[in-house]
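J.: Provided herewith is a single structure, encoded as structure tokens, for subsequent inquiry.
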Amino acid sequence: MDTLTALMTRRSIRAFTDQPVSDPQLRTLLSAAMQAPSAGDGRPWHFCVSTDRAQLDALAESVDAGNPMFKQAQAAILICLDEALEKFKGFAPQDCSCAAQNLQLAAHALGLGTVWIAVIGIPPRVTGCRKVFDVPESVVPFAIFPLGYPAQTLPAEDRYDEAKINWGRWKG
Ligand SMILES: Cc1cc2nc3c(=O)[nH]c(=O)nc-3n(C[C@H](O)[C@H](O)[C@H](O)COP(=O)(O)O)c2cc1C
């Protein structure tokens, strides 16, 4: 799948089949995430990866109370933000977001589905991720991505909106 097709057709997938996600696939996703640009090339991220059923089930309870997404997911990747690695103060959320979007697009290109589950700024989810993955206090759980083969098909949406564009100067 070429890059433009991937980014124009990606959708958030919240239902998964029971087909496993392989270790090489997970490594491709991690590699894509780590390939992201970051301010000053600081790469202020760490990743927690799981394919363990008990751990994935625990995420369903601890991160998104009762949400069946993690119960169906065959894997999950948590991106953690490490301010100590920032090259320029305050840029880590943008850096981690770049990694997150790379991960999502790579999953789609591999035929996998995922969805960005916000964690940072949502105390019960931060606590839940810390508990399930033993994340130390020195880093912050940023966002988590349940992974699997899609059990739902969502059409591509054309979101191009001319009204959001100011060619030249702001049109007011
Ligand atoms: C920063 C961010 C946080 C998000 N948090 C959640 C979330 O907590 N739970 C969820 O189900 N979807 C979450 N999403 C997914 C959005 O709901 C989804 O991207 C949006 O509805 C557009 O749909 P699409 O991804 O299929 O294009 C999040 C997306 C982003 C970018």
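Following the order of the structure tokens, chains are lettered A, B, ..., residues in each are numbered from 1, and ligands are numbered from 1.
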Applying 8 Å and only C-alpha atoms, which residues near A:Leu103 remain after dropping the ones on its own chain fewer than 6 positions away? List them as a list in words.
T.: Leu29, Leu30, Ala32 and Ala33 of chain A
J.: Looking only at helix (DSSP H, G or I) from DSSP on the backbone, list the matching residues of chain A as an MDAnalysis selection string.
T.: chainID A and resid 3:9 23:34 39:41 53:62 69:72 83:85 92:109 123:133 162:164
J.: Env of stretch 110-120 of chain A: 10 Å cut, atoms = only C-alpha atoms, seq-sep filter 4 positions within chain, self excluded. Answer as a PyMOL selection string.
T.: chain A and resi 1+6+10-17+21+25+28-29+63-64+69+73+75-81+93+97+100-101+103-106+124-129+140-153
J.: Hey, can you spit out that residue selection with C-alpha atoms as a PDB file, in the first residue's frame?
T.:
```
ATOM      1  CA  MET A   1       0.000   0.000   0.000  1.00  0.00           C
ATOM      2  CA  ALA A   6      -2.667   4.308   3.635  1.00  0.00           C
ATOM      3  CA  ARG A  10      -7.026   4.398   7.599  1.00  0.00           C
ATOM      4  CA  ARG A  11      -9.881   4.233  10.101  1.00  0.00           C
ATOM      5  CA  SER A  12     -10.022   3.515  13.822  1.00  0.00           C
ATOM      6  CA  ILE A  13     -10.723  -0.189  14.320  1.00  0.00           C
ATOM      7  CA  ARG A  14     -12.297  -1.231  17.620  1.00  0.00           C
ATOM      8  CA  ALA A  15     -13.279  -4.861  16.856  1.00  0.00           C
ATOM      9  CA  PHE A  16     -10.770  -7.621  16.150  1.00  0.00           C
ATOM     10  CA  THR A  17     -10.750 -11.237  14.972  1.00  0.00           C
ATOM     11  CA  VAL A  21      -0.467 -10.610  15.482  1.00  0.00           C
ATOM     12  CA  GLN A  25       4.517  -7.527  12.570  1.00  0.00           C
ATOM     13  CA  THR A  28       7.557  -3.530  12.009  1.00  0.00           C
ATOM     14  CA  LEU A  29       5.074  -1.355  13.928  1.00  0.00           C
ATOM     15  CA  VAL A  63      -7.654   1.306  31.181  1.00  0.00           C
ATOM     16  CA  ASP A  64     -11.096   1.524  29.633  1.00  0.00           C
ATOM     17  CA  MET A  69     -11.743  -3.768  22.568  1.00  0.00           C
ATOM     18  CA  ALA A  73      -7.213  -7.365  20.739  1.00  0.00           C
ATOM     19  CA  ALA A  75      -1.725  -7.332  21.030  1.00  0.00           C
ATOM     20  CA  ALA A  76      -1.294  -3.843  22.420  1.00  0.00           C
ATOM     21  CA  ILE A  77       1.432  -1.239  22.243  1.00  0.00           C
ATOM     22  CA  LEU A  78       1.676   1.492  24.878  1.00  0.00           C
ATOM     23  CA  ILE A  79       3.728   4.576  24.019  1.00  0.00           C
ATOM     24  CA  CYS A  80       5.308   6.195  27.082  1.00  0.00           C
ATOM     25  CA  LEU A  81       6.579   9.766  27.129  1.00  0.00           C
ATOM     26  CA  PRO A  93       3.771  15.201  23.262  1.00  0.00           C
ATOM     27  CA  SER A  97       2.099  11.885  18.494  1.00  0.00           C
ATOM     28  CA  ALA A 100       1.691   7.210  17.265  1.00  0.00           C
ATOM     29  CA  GLN A 101       0.508   8.175  13.816  1.00  0.00           C
ATOM     30  CA  LEU A 103       2.324   3.214  14.180  1.00  0.00           C
ATOM     31  CA  GLN A 104      -1.319   3.565  13.107  1.00  0.00           C
ATOM     32  CA  LEU A 105      -0.469   3.948   9.435  1.00  0.00           C
ATOM     33  CA  ALA A 106       1.972   1.026   9.521  1.00  0.00           C
ATOM     34  CA  PRO A 124      -7.512   6.403  35.734  1.00  0.00           C
ATOM     35  CA  ARG A 125      -6.021   5.306  32.394  1.00  0.00           C
ATOM     36  CA  VAL A 126      -2.530   6.490  33.398  1.00  0.00           C
ATOM     37  CA  THR A 127      -2.821   4.520  36.645  1.00  0.00           C
ATOM     38  CA  GLY A 128      -4.224   1.498  34.791  1.00  0.00           C
ATOM     39  CA  CYS A 129      -1.344   1.422  32.296  1.00  0.00           C
ATOM     40  CA  VAL A 140       4.168   8.966  31.539  1.00  0.00           C
ATOM     41  CA  PRO A 141       1.896   6.537  29.667  1.00  0.00           C
ATOM     42  CA  PHE A 142       0.960   8.582  26.587  1.00  0.00           C
ATOM     43  CA  ALA A 143      -1.398   6.527  24.399  1.00  0.00           C
ATOM     44  CA  ILE A 144      -2.206   2.867  23.921  1.00  0.00           C
ATOM     45  CA  PHE A 145      -3.025   0.978  20.733  1.00  0.00           C
ATOM     46  CA  PRO A 146      -5.007  -2.300  20.779  1.00  0.00           C
ATOM     47  CA  LEU A 147      -4.045  -4.356  17.727  1.00  0.00           C
ATOM     48  CA  GLY A 148      -5.506  -7.155  15.678  1.00  0.00           C
ATOM     49  CA  TYR A 149      -6.987  -8.081  12.337  1.00  0.00           C
ATOM     50  CA  PRO A 150     -10.117  -5.963  11.766  1.00  0.00           C
ATOM     51  CA  ALA A 151     -13.495  -7.560  12.498  1.00  0.00           C
ATOM     52  CA  GLN A 152     -15.187  -4.478  11.073  1.00  0.00           C
ATOM     53  CA  THR A 153     -14.882  -2.646   7.769  1.00  0.00           C
TER      54      THR A 153
END
```
J.: For a test of reading the model, state the distance in Å between atom 9 (N, counted along the ligand's line) of ligand 1 and atom CA of A:Gly121, rounded to one decimal.
T.: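 Taking atom 9 (N, counted along the ligand's line) of ligand 1 and atom CA of A:Gly121, their separation equals 13.0 Å.
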J.: Taking only C-alpha atoms into account, which of A:Ile122, A:Thr3, A:Ser62, A:Ser50 comes nearest A:Arg27?
T.: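 Closest candidate: A:Ser50.
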J.: Quick one, how far is atom CA of A:Gly90 from atom CA of A:Arg43?
T.: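 Atom CA of A:Arg43 lies at a distance of 12.9 Å from atom CA of A:Gly90.
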J.: Extract the full set of strand (DSSP E) residues from stretch 36-160 of chain A according to DSSP on the backbone, and format it as a list in words.
T.: Trp45, His46, Phe47, Cys48, Val49, Ser50, Ala75, Ala76, Ile77, Leu78, Ile79, Cys80, Leu81, Gly113, Thr114, Ile117, Ala118, Val140, Pro141, Phe142, Ala143, Ile144, Phe145, Pro146, Leu147 and Gly148 of chain A
J.: For the selection you just gave me, I'd like the residues written to a file as a compact mmCIF listing (two decimals), in the first residue's frame, keeping N, CA and C atoms.
T.:
```txt
# COMPACT_ATOMS: atom_id res chain seq x y z
N TRP A 45 10.59 8.65 23.76
CA TRP A 45 9.56 7.62 23.88
C TRP A 45 10.13 6.29 24.36
N HIS A 46 9.25 5.49 24.93
CA HIS A 46 9.51 4.08 25.25
C HIS A 46 8.22 3.35 24.86
N PHE A 47 8.32 2.04 24.66
CA PHE A 47 7.16 1.26 24.23
C PHE A 47 7.00 0.05 25.14
N CYS A 48 5.77 -0.24 25.54
CA CYS A 48 5.45 -1.49 26.23
C CYS A 48 4.58 -2.29 25.26
N VAL A 49 4.94 -3.54 25.06
CA VAL A 49 4.26 -4.38 24.08
C VAL A 49 3.74 -5.64 24.77
N SER A 50 2.53 -6.04 24.43
CA SER A 50 2.02 -7.28 25.01
C SER A 50 1.19 -8.06 24.00
N ALA A 75 -2.96 -7.97 20.54
CA ALA A 75 -1.72 -7.33 21.03
C ALA A 75 -2.06 -5.90 21.41
N ALA A 76 -1.15 -5.27 22.11
CA ALA A 76 -1.29 -3.84 22.42
C ALA A 76 0.09 -3.23 22.53
N ILE A 77 0.18 -2.00 22.08
CA ILE A 77 1.43 -1.24 22.24
C ILE A 77 1.10 0.05 22.99
N LEU A 78 1.80 0.26 24.10
CA LEU A 78 1.68 1.49 24.88
C LEU A 78 2.89 2.37 24.57
N ILE A 79 2.63 3.61 24.19
CA ILE A 79 3.73 4.58 24.02
C ILE A 79 3.85 5.36 25.32
N CYS A 80 5.06 5.41 25.87
CA CYS A 80 5.31 6.20 27.08
C CYS A 80 6.18 7.39 26.75
N LEU A 81 5.87 8.51 27.38
CA LEU A 81 6.58 9.77 27.13
C LEU A 81 7.62 9.98 28.23
N GLY A 113 -5.66 -3.65 12.26
CA GLY A 113 -6.46 -2.52 12.72
C GLY A 113 -5.98 -2.07 14.09
N THR A 114 -6.19 -0.80 14.36
CA THR A 114 -5.89 -0.26 15.69
C THR A 114 -6.68 1.01 15.90
N ILE A 117 -5.99 5.11 21.72
CA ILE A 117 -6.71 5.28 22.98
C ILE A 117 -5.91 6.25 23.84
N ALA A 118 -6.50 7.42 24.08
CA ALA A 118 -5.81 8.46 24.84
C ALA A 118 -5.55 7.99 26.27
N VAL A 140 5.64 8.85 31.51
CA VAL A 140 4.17 8.97 31.54
C VAL A 140 3.55 8.14 30.42
N PRO A 141 2.63 7.23 30.73
CA PRO A 141 1.90 6.54 29.67
C PRO A 141 1.18 7.58 28.80
N PHE A 142 1.44 7.52 27.50
CA PHE A 142 0.96 8.58 26.59
C PHE A 142 -0.30 8.16 25.84
N ALA A 143 -0.24 7.03 25.15
CA ALA A 143 -1.40 6.53 24.40
C ALA A 143 -1.20 5.04 24.18
N ILE A 144 -2.32 4.32 24.09
CA ILE A 144 -2.21 2.87 23.92
C ILE A 144 -3.00 2.44 22.69
N PHE A 145 -2.46 1.42 22.01
CA PHE A 145 -3.02 0.98 20.73
C PHE A 145 -3.33 -0.52 20.78
N PRO A 146 -4.64 -0.89 20.92
CA PRO A 146 -5.01 -2.30 20.78
C PRO A 146 -4.81 -2.69 19.32
N LEU A 147 -4.38 -3.92 19.09
CA LEU A 147 -4.05 -4.36 17.73
C LEU A 147 -4.66 -5.71 17.41
N GLY A 148 -5.01 -5.86 16.15
CA GLY A 148 -5.51 -7.15 15.68
C GLY A 148 -5.97 -7.03 14.24
```
J.: In terms of the shortest atom-to-atom distance over only C-alpha atoms and all ligand atoms, which of A:Ala65, A:Ile165, A:Met34, A:Val135 is closest to ligand 1?
T.: A:Ala65
J.: With only C-alpha atoms and all ligand atoms as the basis for distance, which of A:Lys131, A:Lys171, A:Lys164, A:His108 is at the shortest distance from ligand 1?
T.: A:His108
J.: I need the residue nearest ligand 1 from this list: A:Gln55, A:Ser31, A:Gln19, A:Asn67. Use only C-alpha atoms and all ligand atoms for the distance.
T.: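 Comparing A:Gln55, A:Ser31, A:Gln19, A:Asn67 against ligand 1, the winner is A:Asn67.
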J.: Determine the nearest neighbour of A:Asp2 from the options A:Ser38, A:Phe88, A:Pro123, A:Ala109, counting only C-alpha atoms.
T.: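 Smallest separation from A:Asp2 among the options: A:Ala109.
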J.: Tell me which of A:Gly42, A:Gly66, A:Thr9, A:Leu85 sits closest to ligand 1, counting only C-alpha atoms and all ligand atoms.
T.: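 Result for the nearest residue to ligand 1: A:Thr9.
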J.: Residues at most 9 Å from stretch 52-54 of chain A, counting only C-alpha atoms, excluding those fewer than 3 positions away in the same chain, as a list of chain:residue names?
T.: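 My reading of the contact set: A:Asp57, A:Ala58, A:Leu59, A:Lys71, A:Ala73, A:Gln74, A:Ala75.
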J.: Could you state the separation of atom 30 (C, counted along the ligand's line) of ligand 1 and atom CA of A:Trp167 in Å, given to one decimal place?
T.: 26.7 Å
